[in-house]
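Undergrad: This one is entry.cif, mmCIF, C-alpha atoms.
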data_run
loop_
_atom_site.label_atom_id
_atom_site.label_comp_id
_atom_site.auth_asym_id
_atom_site.auth_seq_id
_atom_site.Cartn_x
_atom_site.Cartn_y
_atom_site.Cartn_z
CA MET A 13 -59.92 1.54 0.79
CA SER A 14 -57.37 3.44 2.89
CA SER A 15 -53.86 4.14 1.62
CA GLU A 16 -52.42 2.16 4.56
CA HIS A 17 -54.52 -0.86 3.61
CA ARG A 18 -53.46 -0.59 -0.03
CA LEU A 19 -49.82 -0.39 1.03
CA GLY A 20 -50.28 -3.43 3.25
CA HIS A 21 -51.85 -5.25 0.30
CA ARG A 22 -48.83 -4.48 -1.90
CA LEU A 23 -46.35 -5.78 0.65
CA GLY A 24 -47.62 -9.26 -0.14
CA ARG A 25 -47.99 -12.66 1.45
CA ARG A 26 -44.25 -13.30 1.71
CA PHE A 27 -43.68 -10.17 3.78
CA GLY A 28 -46.70 -11.11 5.90
CA TRP A 29 -45.05 -14.39 6.87
CA LEU A 30 -41.75 -12.62 7.60
CA TRP A 31 -43.52 -10.01 9.71
CA GLY A 32 -45.41 -12.69 11.62
CA ALA A 33 -42.18 -14.60 12.24
CA TYR A 34 -40.54 -11.44 13.58
CA GLY A 35 -43.45 -10.70 15.91
CA THR A 36 -43.49 -14.24 17.26
CA SER A 37 -39.79 -14.32 18.11
CA ALA A 38 -39.91 -10.78 19.54
CA LEU A 39 -42.75 -11.74 21.87
CA GLY A 40 -40.84 -14.82 23.00
CA THR A 41 -37.77 -12.72 23.73
CA TRP A 42 -39.72 -10.29 25.89
CA LEU A 43 -41.58 -13.09 27.67
CA ALA A 44 -38.18 -14.40 28.77
CA PHE A 45 -36.79 -10.94 29.58
CA GLY A 46 -34.68 -11.22 32.73
CA ALA A 47 -34.98 -15.02 32.84
CA PHE A 48 -31.23 -15.71 32.61
CA PRO A 49 -30.29 -13.50 35.59
CA LEU A 50 -33.15 -14.96 37.62
CA ILE A 51 -32.03 -18.51 36.84
CA ALA A 52 -28.46 -17.60 37.74
CA ILE A 53 -29.53 -16.06 41.05
CA ARG A 54 -32.33 -18.37 42.19
CA VAL A 55 -31.22 -21.71 40.74
CA LEU A 56 -27.43 -21.43 40.60
CA HIS A 57 -26.98 -18.92 43.48
CA ALA A 58 -24.66 -16.77 41.35
CA GLY A 59 -23.14 -13.57 42.66
CA PRO A 60 -23.25 -10.04 41.19
CA ALA A 61 -20.10 -10.51 39.09
CA GLU A 62 -21.45 -13.68 37.47
CA VAL A 63 -24.84 -12.10 36.76
CA ALA A 64 -23.16 -9.09 35.16
CA ALA A 65 -21.05 -11.44 33.01
CA LEU A 66 -24.18 -13.00 31.53
CA SER A 67 -25.13 -9.73 29.83
CA SER A 68 -21.76 -8.09 29.23
CA VAL A 69 -19.36 -10.95 28.52
CA GLY A 70 -21.99 -13.06 26.79
CA ALA A 71 -22.92 -10.25 24.42
CA ALA A 72 -19.30 -9.24 23.78
CA VAL A 73 -18.09 -12.78 23.01
CA GLY A 74 -21.20 -13.39 20.92
CA ALA A 75 -20.39 -10.29 18.89
CA ALA A 76 -16.82 -11.52 18.35
CA VAL A 77 -18.10 -14.92 17.22
CA ALA A 78 -20.43 -13.19 14.75
CA VAL A 79 -17.61 -11.25 13.04
CA PRO A 80 -16.67 -13.95 10.48
CA LEU A 81 -20.30 -14.89 9.90
CA GLY A 82 -21.15 -11.60 8.13
CA PRO A 83 -18.82 -12.11 5.14
CA TRP A 84 -19.74 -15.82 5.04
CA VAL A 85 -23.49 -15.14 4.91
CA GLU A 86 -23.12 -12.38 2.28
CA PHE A 87 -22.51 -14.92 -0.47
CA ARG A 88 -25.29 -17.31 0.49
CA ARG A 89 -29.03 -17.23 0.13
CA LYS A 90 -30.45 -15.40 3.11
CA ARG A 91 -33.69 -17.32 3.72
CA PRO A 92 -31.94 -20.61 4.65
CA VAL A 93 -29.57 -18.63 6.89
CA LEU A 94 -32.51 -17.01 8.70
CA ILE A 95 -34.12 -20.41 9.27
CA ALA A 96 -30.80 -21.87 10.47
CA MET A 97 -30.22 -19.04 12.97
CA ASP A 98 -33.72 -19.50 14.39
CA LEU A 99 -33.13 -23.23 14.77
CA VAL A 100 -29.73 -22.63 16.41
CA ARG A 101 -31.35 -20.33 18.97
CA PHE A 102 -34.19 -22.83 19.50
CA ALA A 103 -31.78 -25.70 20.13
CA ALA A 104 -29.43 -23.67 22.33
CA LEU A 105 -32.21 -22.38 24.57
CA LEU A 106 -33.78 -25.82 24.94
CA THR A 107 -30.60 -27.14 26.52
CA ILE A 108 -31.35 -25.02 29.59
CA PRO A 109 -34.67 -26.63 30.62
CA ALA A 110 -33.27 -30.03 29.63
CA ALA A 111 -30.23 -29.60 31.90
CA PHE A 112 -32.43 -28.14 34.65
CA ALA A 113 -34.74 -31.16 34.52
CA LEU A 114 -31.73 -33.48 34.82
CA GLY A 115 -30.22 -31.44 37.66
CA ARG A 116 -27.11 -30.64 35.62
CA LEU A 117 -27.55 -26.94 34.84
CA THR A 118 -24.38 -24.88 35.39
CA PHE A 119 -23.44 -21.22 35.11
CA LEU A 120 -20.99 -22.06 32.32
CA GLN A 121 -23.85 -23.49 30.28
CA LEU A 122 -25.89 -20.31 30.78
CA LEU A 123 -22.91 -18.25 29.63
CA LEU A 124 -22.29 -20.43 26.55
CA VAL A 125 -25.97 -20.28 25.57
CA SER A 126 -25.94 -16.49 25.90
CA VAL A 127 -22.91 -16.36 23.57
CA VAL A 128 -24.55 -18.63 20.97
CA VAL A 129 -27.82 -16.70 21.09
CA ALA A 130 -26.02 -13.34 20.79
CA ALA A 131 -24.00 -14.50 17.76
CA ALA A 132 -27.06 -16.01 16.09
CA ASP A 133 -29.05 -12.84 16.80
CA ILE A 134 -26.47 -10.60 15.11
CA THR A 135 -26.25 -12.93 12.11
CA PHE A 136 -30.04 -13.13 11.84
CA ARG A 137 -30.47 -9.36 11.92
CA ALA A 138 -27.83 -8.83 9.26
CA ALA A 139 -29.26 -11.51 6.98
CA SER A 140 -32.85 -10.30 7.50
CA GLY A 141 -31.95 -6.80 6.33
CA ALA A 142 -30.46 -8.22 3.13
CA TYR A 143 -33.46 -10.53 2.66
CA LEU A 144 -35.93 -7.68 3.15
CA LYS A 145 -34.15 -5.64 0.49
CA THR A 146 -34.59 -8.46 -2.03
CA LEU A 147 -38.18 -9.05 -0.95
CA LEU A 148 -39.60 -5.54 -1.36
CA PRO A 149 -39.10 -2.60 -3.72
CA THR A 150 -37.34 0.44 -2.26
CA GLU A 151 -40.49 2.55 -1.84
CA HIS A 152 -41.98 -0.06 0.53
CA LEU A 153 -38.98 -0.46 2.86
CA LEU A 154 -40.07 2.33 5.20
CA VAL A 155 -43.56 0.85 5.55
CA ALA A 156 -42.01 -2.54 6.35
CA ASN A 157 -39.55 -1.13 8.87
CA SER A 158 -42.31 0.90 10.53
CA ARG A 159 -44.29 -2.30 10.99
CA PHE A 160 -41.32 -4.08 12.49
CA GLU A 161 -40.79 -1.13 14.85
CA SER A 162 -44.44 -0.98 15.95
CA THR A 163 -44.39 -4.74 16.52
CA ALA A 164 -41.22 -4.42 18.60
CA TRP A 165 -42.80 -1.83 20.88
CA THR A 166 -46.07 -3.76 21.12
CA THR A 167 -44.24 -6.87 22.31
CA THR A 168 -42.23 -4.67 24.70
CA ILE A 169 -45.48 -3.50 26.28
CA ILE A 170 -47.18 -6.87 26.66
CA GLY A 171 -44.24 -9.30 26.90
CA PRO A 172 -42.59 -8.42 30.25
CA PRO A 173 -45.87 -8.36 32.27
CA LEU A 174 -46.92 -11.73 30.81
CA GLY A 175 -43.43 -13.09 31.32
CA GLY A 176 -43.36 -11.82 34.88
CA ALA A 177 -46.66 -13.56 35.61
CA ALA A 178 -45.38 -16.77 34.01
CA ILE A 179 -42.17 -16.61 36.05
CA GLY A 180 -44.22 -16.13 39.23
CA LEU A 181 -46.43 -19.14 38.43
CA LEU A 182 -44.06 -21.52 36.66
CA GLY A 183 -40.54 -20.22 37.29
CA PRO A 184 -37.99 -18.59 34.96
CA VAL A 185 -37.13 -21.83 33.13
CA ALA A 186 -40.67 -21.96 31.72
CA THR A 187 -40.22 -18.61 29.96
CA VAL A 188 -36.99 -19.88 28.40
CA VAL A 189 -39.02 -22.73 26.90
CA ALA A 190 -41.50 -20.18 25.53
CA ASP A 191 -38.63 -18.18 24.02
CA ALA A 192 -37.19 -21.31 22.41
CA VAL A 193 -40.55 -22.28 20.92
CA SER A 194 -40.96 -18.76 19.51
CA TYR A 195 -37.78 -19.26 17.45
CA LEU A 196 -39.08 -22.57 16.13
CA LEU A 197 -42.32 -20.88 15.09
CA SER A 198 -40.31 -18.07 13.52
CA ALA A 199 -38.31 -20.59 11.48
CA LEU A 200 -41.54 -22.19 10.25
CA GLY A 201 -42.93 -18.76 9.34
CA ILE A 202 -39.83 -17.82 7.35
CA ARG A 203 -39.95 -21.19 5.60
CA ALA A 204 -43.55 -20.44 4.64
CA THR A 205 -42.51 -17.25 2.84
CA GLY A 206 -41.48 -19.44 -0.11
CA GLY A 207 -40.91 -17.72 -3.43
CA HIS A 208 -37.72 -17.15 -5.36
CA GLU A 209 -34.71 -15.50 -3.76
CA PRO A 210 -32.17 -14.02 -6.18
CA PRO A 211 -28.84 -15.86 -5.93
CA PRO A 212 -26.05 -13.80 -4.33
CA GLU A 213 -23.07 -12.75 -6.41
CA ARG A 214 -20.32 -15.35 -6.45
CA ARG A 215 -17.06 -14.72 -4.66
CA GLU A 216 -13.93 -14.29 -6.73
CA ALA A 217 -11.98 -16.38 -4.23
CA ALA A 218 -13.15 -19.77 -3.07
CA ARG A 219 -12.10 -19.24 0.52
CA MET A 220 -12.65 -16.35 2.86
CA ARG A 221 -9.49 -14.40 3.63
CA ALA A 222 -8.65 -12.72 6.91
CA GLY A 223 -9.04 -9.29 5.31
CA ASP A 224 -12.64 -10.12 4.36
CA LEU A 225 -13.62 -9.91 8.03
CA LEU A 226 -13.20 -6.13 7.88
CA ASP A 227 -15.14 -5.57 4.64
CA GLY A 228 -18.24 -4.31 6.46
CA TRP A 229 -16.30 -1.71 8.42
CA ARG A 230 -14.34 -0.60 5.33
CA TYR A 231 -17.57 -0.06 3.43
CA ILE A 232 -19.16 1.96 6.25
CA LEU A 233 -16.13 4.16 6.88
CA ALA A 234 -15.70 4.91 3.18
CA ASP A 235 -19.28 6.18 2.83
CA ALA A 236 -19.83 9.84 3.75
CA THR A 237 -23.46 9.17 4.77
CA LEU A 238 -23.15 5.85 6.58
CA ARG A 239 -20.00 6.80 8.51
CA PRO A 240 -21.52 9.52 10.78
CA LEU A 241 -24.70 7.51 11.26
CA PHE A 242 -22.59 4.52 12.30
CA PHE A 243 -20.74 6.45 14.99
CA ASN A 244 -23.95 8.16 16.12
CA THR A 245 -25.61 4.77 16.65
CA ALA A 246 -22.67 3.24 18.52
CA VAL A 247 -22.25 6.19 20.89
CA PHE A 248 -25.94 6.91 21.46
CA ASN A 249 -26.96 3.30 22.14
CA GLY A 250 -23.90 2.72 24.29
CA LEU A 251 -24.45 5.74 26.51
CA VAL A 252 -28.18 5.14 26.92
CA MET A 253 -27.65 1.52 27.90
CA ALA A 254 -24.67 2.35 30.14
CA ALA A 255 -26.87 4.56 32.32
CA GLU A 256 -29.60 1.95 32.84
CA PRO A 257 -27.87 -0.15 35.54
CA LEU A 258 -27.00 3.02 37.44
CA LEU A 259 -30.60 4.19 37.26
CA ALA A 260 -31.67 0.82 38.66
CA VAL A 261 -29.22 1.22 41.54
CA LEU A 262 -30.45 4.76 42.20
CA MET A 263 -34.18 3.97 42.04
CA LEU A 264 -34.22 0.55 43.69
CA GLY A 265 -31.56 1.42 46.27
CA ARG A 266 -31.23 4.99 47.47
CA LEU A 267 -34.68 6.21 46.43
CA GLY A 268 -36.49 3.10 47.70
CA PHE A 269 -38.77 2.35 44.75
CA ALA A 270 -40.34 -1.11 44.57
CA PRO A 271 -39.38 -3.43 41.68
CA TRP A 272 -42.88 -3.19 40.18
CA GLN A 273 -42.61 0.60 40.14
CA TYR A 274 -39.24 0.38 38.39
CA GLY A 275 -40.73 -1.96 35.78
CA LEU A 276 -43.76 0.29 35.30
CA VAL A 277 -41.74 3.41 34.46
CA PHE A 278 -40.17 1.57 31.52
CA ALA A 279 -43.12 -0.54 30.32
CA ALA A 280 -45.80 2.19 30.25
CA PRO A 281 -43.82 4.73 28.16
CA SER A 282 -43.32 2.08 25.46
CA ILE A 283 -46.67 3.23 24.08
CA GLY A 284 -44.68 6.22 22.80
CA GLY A 285 -42.62 3.89 20.61
CA LEU A 286 -45.78 2.38 19.15
CA LEU A 287 -47.17 5.84 18.38
CA GLY A 288 -43.86 7.07 16.96
CA SER A 289 -43.50 4.09 14.64
CA ARG A 290 -46.99 4.76 13.25
CA LEU A 291 -46.02 8.36 12.49
CA ALA A 292 -42.66 7.58 10.89
CA ARG A 293 -43.91 7.03 7.34
CA PRO A 294 -46.32 10.03 7.21
CA LEU A 295 -43.62 12.32 8.60
CA ALA A 296 -40.99 11.03 6.17
CA THR A 297 -43.42 11.41 3.27
CA ARG A 298 -44.15 15.01 4.18
CA PHE A 299 -40.75 16.28 5.28
CA GLY A 300 -38.31 13.81 3.74
CA GLN A 301 -36.34 10.99 5.35
CA HIS A 302 -33.20 13.01 5.97
CA GLN A 303 -35.05 15.84 7.70
CA VAL A 304 -36.94 13.43 9.98
CA LEU A 305 -33.72 11.53 10.70
CA VAL A 306 -31.87 14.67 11.81
CA VAL A 307 -34.72 16.21 13.80
CA THR A 308 -35.73 13.08 15.71
CA GLY A 309 -32.09 12.05 16.11
CA THR A 310 -31.47 15.41 17.77
CA LEU A 311 -34.62 15.37 19.91
CA ARG A 312 -33.95 11.89 21.29
CA ALA A 313 -30.58 13.09 22.62
CA LEU A 314 -32.21 15.82 24.74
CA TRP A 315 -34.19 13.56 27.07
CA PRO A 316 -31.79 11.26 29.00
CA ILE A 317 -30.08 14.01 31.01
CA GLY A 318 -33.39 14.48 32.82
CA LEU A 319 -32.90 11.12 34.55
CA ALA A 320 -30.14 12.66 36.68
CA PHE A 321 -32.80 14.69 38.51
CA VAL A 322 -35.05 11.82 39.58
CA GLY A 323 -36.22 12.06 43.17
CA PRO A 324 -38.29 9.94 45.56
CA GLY A 325 -42.05 9.45 45.53
CA THR A 326 -44.67 10.03 42.88
CA GLY A 327 -42.84 13.02 41.44
CA GLY A 328 -39.78 10.89 40.75
CA LEU A 329 -41.86 8.22 39.03
CA LEU A 330 -43.61 10.79 36.86
CA LEU A 331 -40.28 12.39 35.93
CA VAL A 332 -38.77 9.09 34.79
CA MET A 333 -41.95 8.12 32.91
CA GLY A 334 -42.02 11.51 31.17
CA VAL A 335 -38.35 11.30 30.17
CA GLU A 336 -38.75 7.72 28.93
CA LEU A 337 -41.94 8.58 27.03
CA GLY A 338 -40.23 11.43 25.19
CA LEU A 339 -37.12 9.37 24.48
CA ILE A 340 -39.02 6.31 23.29
CA PHE A 341 -41.39 8.35 21.11
CA CYS A 342 -38.44 9.98 19.33
CA CYS A 343 -36.75 6.59 18.94
CA GLY A 344 -40.01 5.13 17.60
CA VAL A 345 -39.95 7.67 14.77
CA PHE A 346 -36.18 7.60 14.27
CA ASN A 347 -35.58 3.85 14.16
CA PRO A 348 -37.61 2.79 11.09
CA VAL A 349 -36.46 5.86 9.15
CA TYR A 350 -32.86 5.15 10.12
CA ALA A 351 -33.15 1.44 9.21
CA THR A 352 -34.64 2.33 5.81
CA TYR A 353 -32.13 5.13 5.17
CA ARG A 354 -29.28 2.71 5.88
CA LEU A 355 -30.68 -0.06 3.68
CA GLU A 356 -31.34 2.26 0.76
CA ARG A 357 -27.78 3.56 0.81
CA THR A 358 -26.08 0.18 1.09
CA ALA A 359 -25.37 -1.82 -2.04
CA THR A 360 -27.31 -5.08 -2.15
CA ASP A 361 -24.15 -7.18 -2.30
CA ARG A 362 -22.82 -5.45 0.85
CA VAL A 363 -25.89 -5.42 3.11
CA THR A 364 -25.10 -8.46 5.24
CA ARG A 365 -21.49 -7.49 5.89
CA THR A 366 -22.48 -3.90 6.62
CA LEU A 367 -25.31 -4.76 9.02
CA SER A 368 -23.18 -7.40 10.74
CA ALA A 369 -20.32 -4.92 11.30
CA TRP A 370 -22.87 -2.37 12.53
CA ALA A 371 -24.42 -4.77 15.05
CA VAL A 372 -21.07 -6.07 16.29
CA THR A 373 -19.80 -2.53 16.89
CA THR A 374 -22.99 -1.47 18.65
CA LYS A 375 -22.90 -4.46 20.99
CA ALA A 376 -19.18 -3.98 21.68
CA SER A 377 -19.55 -0.26 22.39
CA THR A 378 -22.50 -0.92 24.67
CA SER A 379 -20.55 -3.52 26.64
CA LEU A 380 -17.51 -1.24 26.92
CA LEU A 381 -19.43 1.88 27.94
CA THR A 382 -21.53 -0.10 30.43
CA ALA A 383 -18.33 -1.31 32.10
CA VAL A 384 -16.82 2.19 32.12
CA TRP A 385 -19.95 3.75 33.57
CA GLY A 386 -20.08 1.07 36.22
CA VAL A 387 -16.66 2.28 37.40
CA LEU A 388 -17.73 5.94 37.13
CA GLY A 389 -20.86 5.16 39.12
CA SER A 390 -18.71 3.71 41.90
CA LEU A 391 -16.35 6.70 41.90
CA LEU A 392 -18.75 9.59 41.34
CA GLY A 393 -22.07 8.15 42.45
CA PRO A 394 -24.89 6.91 40.19
CA ARG A 395 -26.63 10.28 39.83
CA THR A 396 -23.49 12.11 38.69
CA ALA A 397 -22.58 9.29 36.26
CA ILE A 398 -26.10 9.34 34.79
CA GLY A 399 -25.84 13.10 34.35
CA LEU A 400 -22.47 12.73 32.63
CA ALA A 401 -23.91 10.20 30.17
CA GLY A 402 -26.82 12.55 29.47
CA ALA A 403 -24.47 15.49 28.90
CA LEU A 404 -22.37 13.51 26.43
CA LEU A 405 -25.52 12.40 24.61
CA LEU A 406 -26.26 16.07 23.86
CA ALA A 407 -23.28 16.02 21.48
CA THR A 408 -24.40 12.95 19.49
CA PRO A 409 -26.51 14.95 16.98
CA LEU A 410 -23.20 16.29 15.62
CA LEU A 411 -22.62 12.78 14.26
CA LEU A 412 -25.81 12.70 12.19
CA PRO A 413 -25.47 12.99 8.37
CA ARG A 414 -25.53 16.65 7.34
CA ARG A 415 -26.74 16.03 3.81
CA ALA A 416 -29.07 13.52 2.22
CA ALA A 417 -27.01 11.24 0.00
CA PRO A 418 -28.61 10.13 -3.30
CA LEU A 419 -30.10 6.65 -3.45
CA ARG A 420 -28.10 3.90 -5.11
CA SER A 421 -29.36 2.87 -8.53
CA GLU A 422 -30.05 -0.85 -8.32
CA PRO A 423 -32.52 -3.23 -9.92
CA GLU A 424 -35.72 -3.67 -7.95
CA PRO A 425 -36.93 -7.08 -6.72
CA GLU A 426 -38.89 -9.06 -9.26
CA ALA A 427 -42.63 -8.47 -9.15
CA MET A 428 -44.52 -11.18 -7.31
CA PRO A 429 -47.24 -13.12 -9.10
CA ALA A 430 -50.77 -12.14 -8.19
CA SER A 431 -51.30 -15.43 -6.32
CA ASN A 432 -48.60 -14.44 -3.82
CA ARG A 433 -50.12 -11.08 -2.88
CA ALA A 434 -51.79 -10.63 0.49
#
Can the structure from this file be put into structure tokens for me?

TA:
Amino acid sequence: MSSEHRLGHRLGRRFGWLWGAYGTSALGTWLAFGAFPLIAIRVLHAGPAEVAALSSVGAAVGAAVAVPLGPWVEFRRKRPVLIAMDLVRFAALLTIPAAFALGRLTFLQLLLVSVVVAAADITFRAASGAYLKTLLPTEHLLVANSRFESTAWTTTIIGPPLGGAAIGLLGPVATVVADAVSYLLSALGIRATGGHEPPPERREAARMRAGDLLDGWRYILADATLRPLFFNTAVFNGLVMAAEPLLAVLMLGRLGFAPWQYGLVFAAPSIGGLLGSRLARPLATRFGQHQVLVVTGTLRALWPIGLAFVGPGTGGLLLVMGVELGLIFCCGVFNPVYATYRLERTATDRVTRTLSAWAVTTKASTSLLTAVWGVLGSLLGPRTAIGLAGALLLATPLLLPRRAAPLRSEPEPEAMPASNRA
């Protein structure tokens, strides 16, 4: 029996249900990728400003709504919260096809749904990190995060093409239905995990105070290891995402690439993420988590500046595919190691607040930098703005942790009975 199979066996039935739930909802999300803008354009005849608001304003307001949810969730059992967030997303998304069928769909409804889904997504991610830490012992967290990462890249590869075909045959509203159903199935999968979840520590005060909203940020900024990683994530993700709309303008406009070619240069390199996520655990075992974190965190910052040199024709396509392949491969290794490193160094009673603050800041920085780079793209041109983002990304490795902090000494999750093992 291989070591990978034995590790999978030890992760148990409960993790298997959680993993399946994650894969189902991730596939639904990618099936519906781009559905909201298409509905806004084709059904509601929205203009560029309204379409941009769906992604930027919706995400930013959703992040603001999620701020008080982190401290609130911290002191509650995480499994019911995960199920509730899936059901909220299911119900919110279903209002779109319902309103469409009745002829009452509006842009305001699309915007409100995007806000609700963004807030529920942040809350779900924060609660799932805390739940995973109670579900598995520390030595299995990297294996679990590697599986989540490989699943994410697999659904990235297969989801958009299937979703695109479904949109062509049935329209964008149909993929929203598929996305909604995926959250319902995810909720059922999480419910099937069963088992005992340790009760969270009780709050000293009965009501949440205004100062509690900042607990996650206080914890991060006070930690010498989490603090640089926090800023590295916010800046790196923000700059990478800020350059994407400009690259679309450059490739689809001035360079004359077809939409299918633009989609191909991002879908095909996703295989690098799948490969990288499979190598994350062996590399961390051999070289240590901190070493892998620093090396891959540095290497991923070297690639994006190459996008400023994209040209027309086959050579331009190959250049973008090569840059994206290198970037995604490095991210595929980095992400599960980073997620595990962060979980291991966050106290169990602080995980939800910490991950919520992390996600809120990342979404906010991405929205802000995307807006700023939109202005820079108008003033300097898309190619120069892309190059500027790539040049700034070269400095992000300076924000990686310089030393490996010791792990926190905490009790491990209770051993599962043999009947619950996969």

Undergrad: Would you list the contacts of Val384 in chain A as a list of chain:residue names, taking every protein, DNA or RNA residue within 9 Å and counting only C-alpha atoms, but skipping same-chain residues closer than 5 positions in sequence?

TA: A:Ala254, A:Ser379, A:Gly389

Undergrad: Any chance you could work out the residue set of the PyMOL selection byres ((chain A and resi 191) around 12) here, as a PyMOL selection string?

TA: chain A and resi 36-48+98-99+101-106+108-109+129+171+175+184-190+192-198

Undergrad: Please list as a VMD selection string every residue within 12 Å of Ala65 in chain A, counting only C-alpha atoms and excluding residues in the same chain fewer than 5 positions away.

TA: chain A and resid 48 to 49 52 58 to 60 70 to 73 119 to 120 122 to 124 126 to 127 379 382 to 383

Undergrad: Pick the closest to Arg365 in chain A from A:Ser140, A:Ser289, A:Thr118, A:Thr146: which is it, counting all atoms listed in the file?

TA: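 Checking each candidate against Arg365 in chain A, we get A:Ser140 as the closest.
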
Undergrad: With all atoms listed in the file as the atoms that count, which of A:Arg26, A:Lys375, A:Arg88, A:Arg414 lies nearest to Met253 in chain A?

TA: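 Using all atoms listed in the file, Met253 in chain A sits closest to A:Lys375.
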
Undergrad: Considering only C-alpha atoms, can you say which of A:Ala359, A:Leu267, A:Leu412, A:Leu331 comes closest to Ala142 in chain A?

TA: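 Smallest separation from Ala142 in chain A among the options: A:Ala359.
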
Undergrad: Can you list, as number ranges by chain, the residues that the PyMOL selection byres ((chain A and resi 275) around 12) selects here?

TA: A: 45-46, 168-169, 172-173, 176, 259-260, 263-264, 269-274, 276-282, 329, 332-333

Undergrad: Produce a file of the selected residues containing C-alpha atoms, as a compact mmCIF listing (two decimals), in the frame of the given file.

TA:
# COMPACT_ATOMS: atom_id res chain seq x y z
CA PHE A 45 -36.79 -10.94 29.58
CA GLY A 46 -34.68 -11.22 32.73
CA THR A 168 -42.23 -4.67 24.70
CA ILE A 169 -45.48 -3.50 26.28
CA PRO A 172 -42.59 -8.42 30.25
CA PRO A 173 -45.87 -8.36 32.27
CA GLY A 176 -43.36 -11.82 34.88
CA LEU A 259 -30.60 4.19 37.26
CA ALA A 260 -31.67 0.82 38.66
CA MET A 263 -34.18 3.97 42.04
CA LEU A 264 -34.22 0.55 43.69
CA PHE A 269 -38.77 2.35 44.75
CA ALA A 270 -40.34 -1.11 44.57
CA PRO A 271 -39.38 -3.43 41.68
CA TRP A 272 -42.88 -3.19 40.18
CA GLN A 273 -42.61 0.60 40.14
CA TYR A 274 -39.24 0.38 38.39
CA LEU A 276 -43.76 0.29 35.30
CA VAL A 277 -41.74 3.41 34.46
CA PHE A 278 -40.17 1.57 31.52
CA ALA A 279 -43.12 -0.54 30.32
CA ALA A 280 -45.80 2.19 30.25
CA PRO A 281 -43.82 4.73 28.16
CA SER A 282 -43.32 2.08 25.46
CA LEU A 329 -41.86 8.22 39.03
CA VAL A 332 -38.77 9.09 34.79
CA MET A 333 -41.95 8.12 32.91

Undergrad: Determine, counting all atoms listed in the file, which protein, DNA and RNA residues have an atom within 9 Å of an atom of range 298-314 of chain A; residues of the same chain fewer than 4 positions away are not included. Present the result as a PyMOL selection string.

TA: chain A and resi 248+292-294+318+338-343+345-347+349-350+352-353+402-403+405-410+412-417

Undergrad: Please compute the CA of Leu380 in chain A-CA of Val79 in chain A distance, one decimal, in Å.

TA: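 For CA of Leu380 in chain A relative to CA of Val79 in chain A, the distance reads 17.1 Å.
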
Undergrad: Go ahead and compute the interatomic distance for CA of Val100 in chain A and CA of Leu148 in chain A, in Å to one decimal.

TA: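 The value is 26.6 Å.
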
Undergrad: Could you give me, as JSON, numbers by chain, the residues within 7 Å of Lys90 in chain A, counting only C-alpha atoms and dropping anything in the same chain fewer than 3 positions from it?

TA: {"A": [93, 94, 139, 143]}

Undergrad: Of the residues A:Ile283, A:Val335, A:Ala113, A:Ala234, which is the one nearest to Pro316 in chain A, using all atoms listed in the file?

TA: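 Using all atoms listed in the file, Pro316 in chain A sits closest to A:Val335.
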
Undergrad: Using only C-alpha atoms, which protein or nucleic acid residues come within 9 Å of Trp385 in chain A? Drop anything in the same chain fewer than 5 positions from it, and give the result as a ChimeraX atom specification.

TA: /A:251,254-255,258,380,390,394,397-398,401

Undergrad: Closest to Phe87 in chain A among A:Pro210, A:Pro348, A:Leu319, A:Ala296, using all atoms listed in the file?

TA: A:Pro210

Undergrad: A:Leu200, A:Leu287, A:Leu262, A:Ile51: which is nearest Ala33 in chain A, counting all atoms listed in the file?

TA: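 Nearest candidate to Ala33 in chain A out of A:Leu200, A:Leu287, A:Leu262, A:Ile51: A:Leu200.
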
Undergrad: What does the distance from CA of Ala371 in chain A to CA of Ala76 in chain A come to in Å, to one decimal?

TA: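 CA of Ala371 in chain A sits 10.7 Å away from CA of Ala76 in chain A.
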
Undergrad: Could you give me, as a PyMOL selection string, the residues that sit within 12 Å of (-36.4, -7.0, 10.6) in the file's coordinates, counting all atoms listed in the file?

TA: chain A and resi 27+29-35+37-38+94+133-145+147+153-164+202+347-348+351-352+355+367

Undergrad: Using all atoms of range 67-82 of chain A that appear in the file, construct an axis-aligned enclosing box with 3 Å of padding on every side and provide its centre coordinates and edge lengths in Å, rounded to one decimal, as lines of an AutoDock Vina configuration file.

TA:
center_x = -20.9
center_y = -11.5
center_z = 19.0
size_x = 14.5
size_y = 12.8
size_z = 27.7

Undergrad: From the coordinates supplied, range 164-169 of chain A should be written with N, CA and C atoms, as a compact mmCIF listing (two decimals), in the first residue's frame.

TA:
# COMPACT_ATOMS: atom_id res chain seq x y z
N ALA A 164 -9.25 22.38 -6.50
CA ALA A 164 -9.53 23.72 -7.02
C ALA A 164 -9.03 23.87 -8.44
N TRP A 165 -7.81 23.39 -8.71
CA TRP A 165 -7.26 23.54 -10.05
C TRP A 165 -7.94 22.59 -11.03
N THR A 166 -8.35 21.41 -10.58
CA THR A 166 -9.06 20.49 -11.46
C THR A 166 -10.38 21.10 -11.92
N THR A 167 -11.12 21.69 -10.97
CA THR A 167 -12.39 22.30 -11.34
C THR A 167 -12.17 23.55 -12.20
N THR A 168 -11.02 24.22 -12.02
CA THR A 168 -10.69 25.37 -12.86
C THR A 168 -10.47 24.93 -14.31
N ILE A 169 -9.91 23.75 -14.49
CA ILE A 169 -9.63 23.24 -15.84
C ILE A 169 -10.92 22.82 -16.55
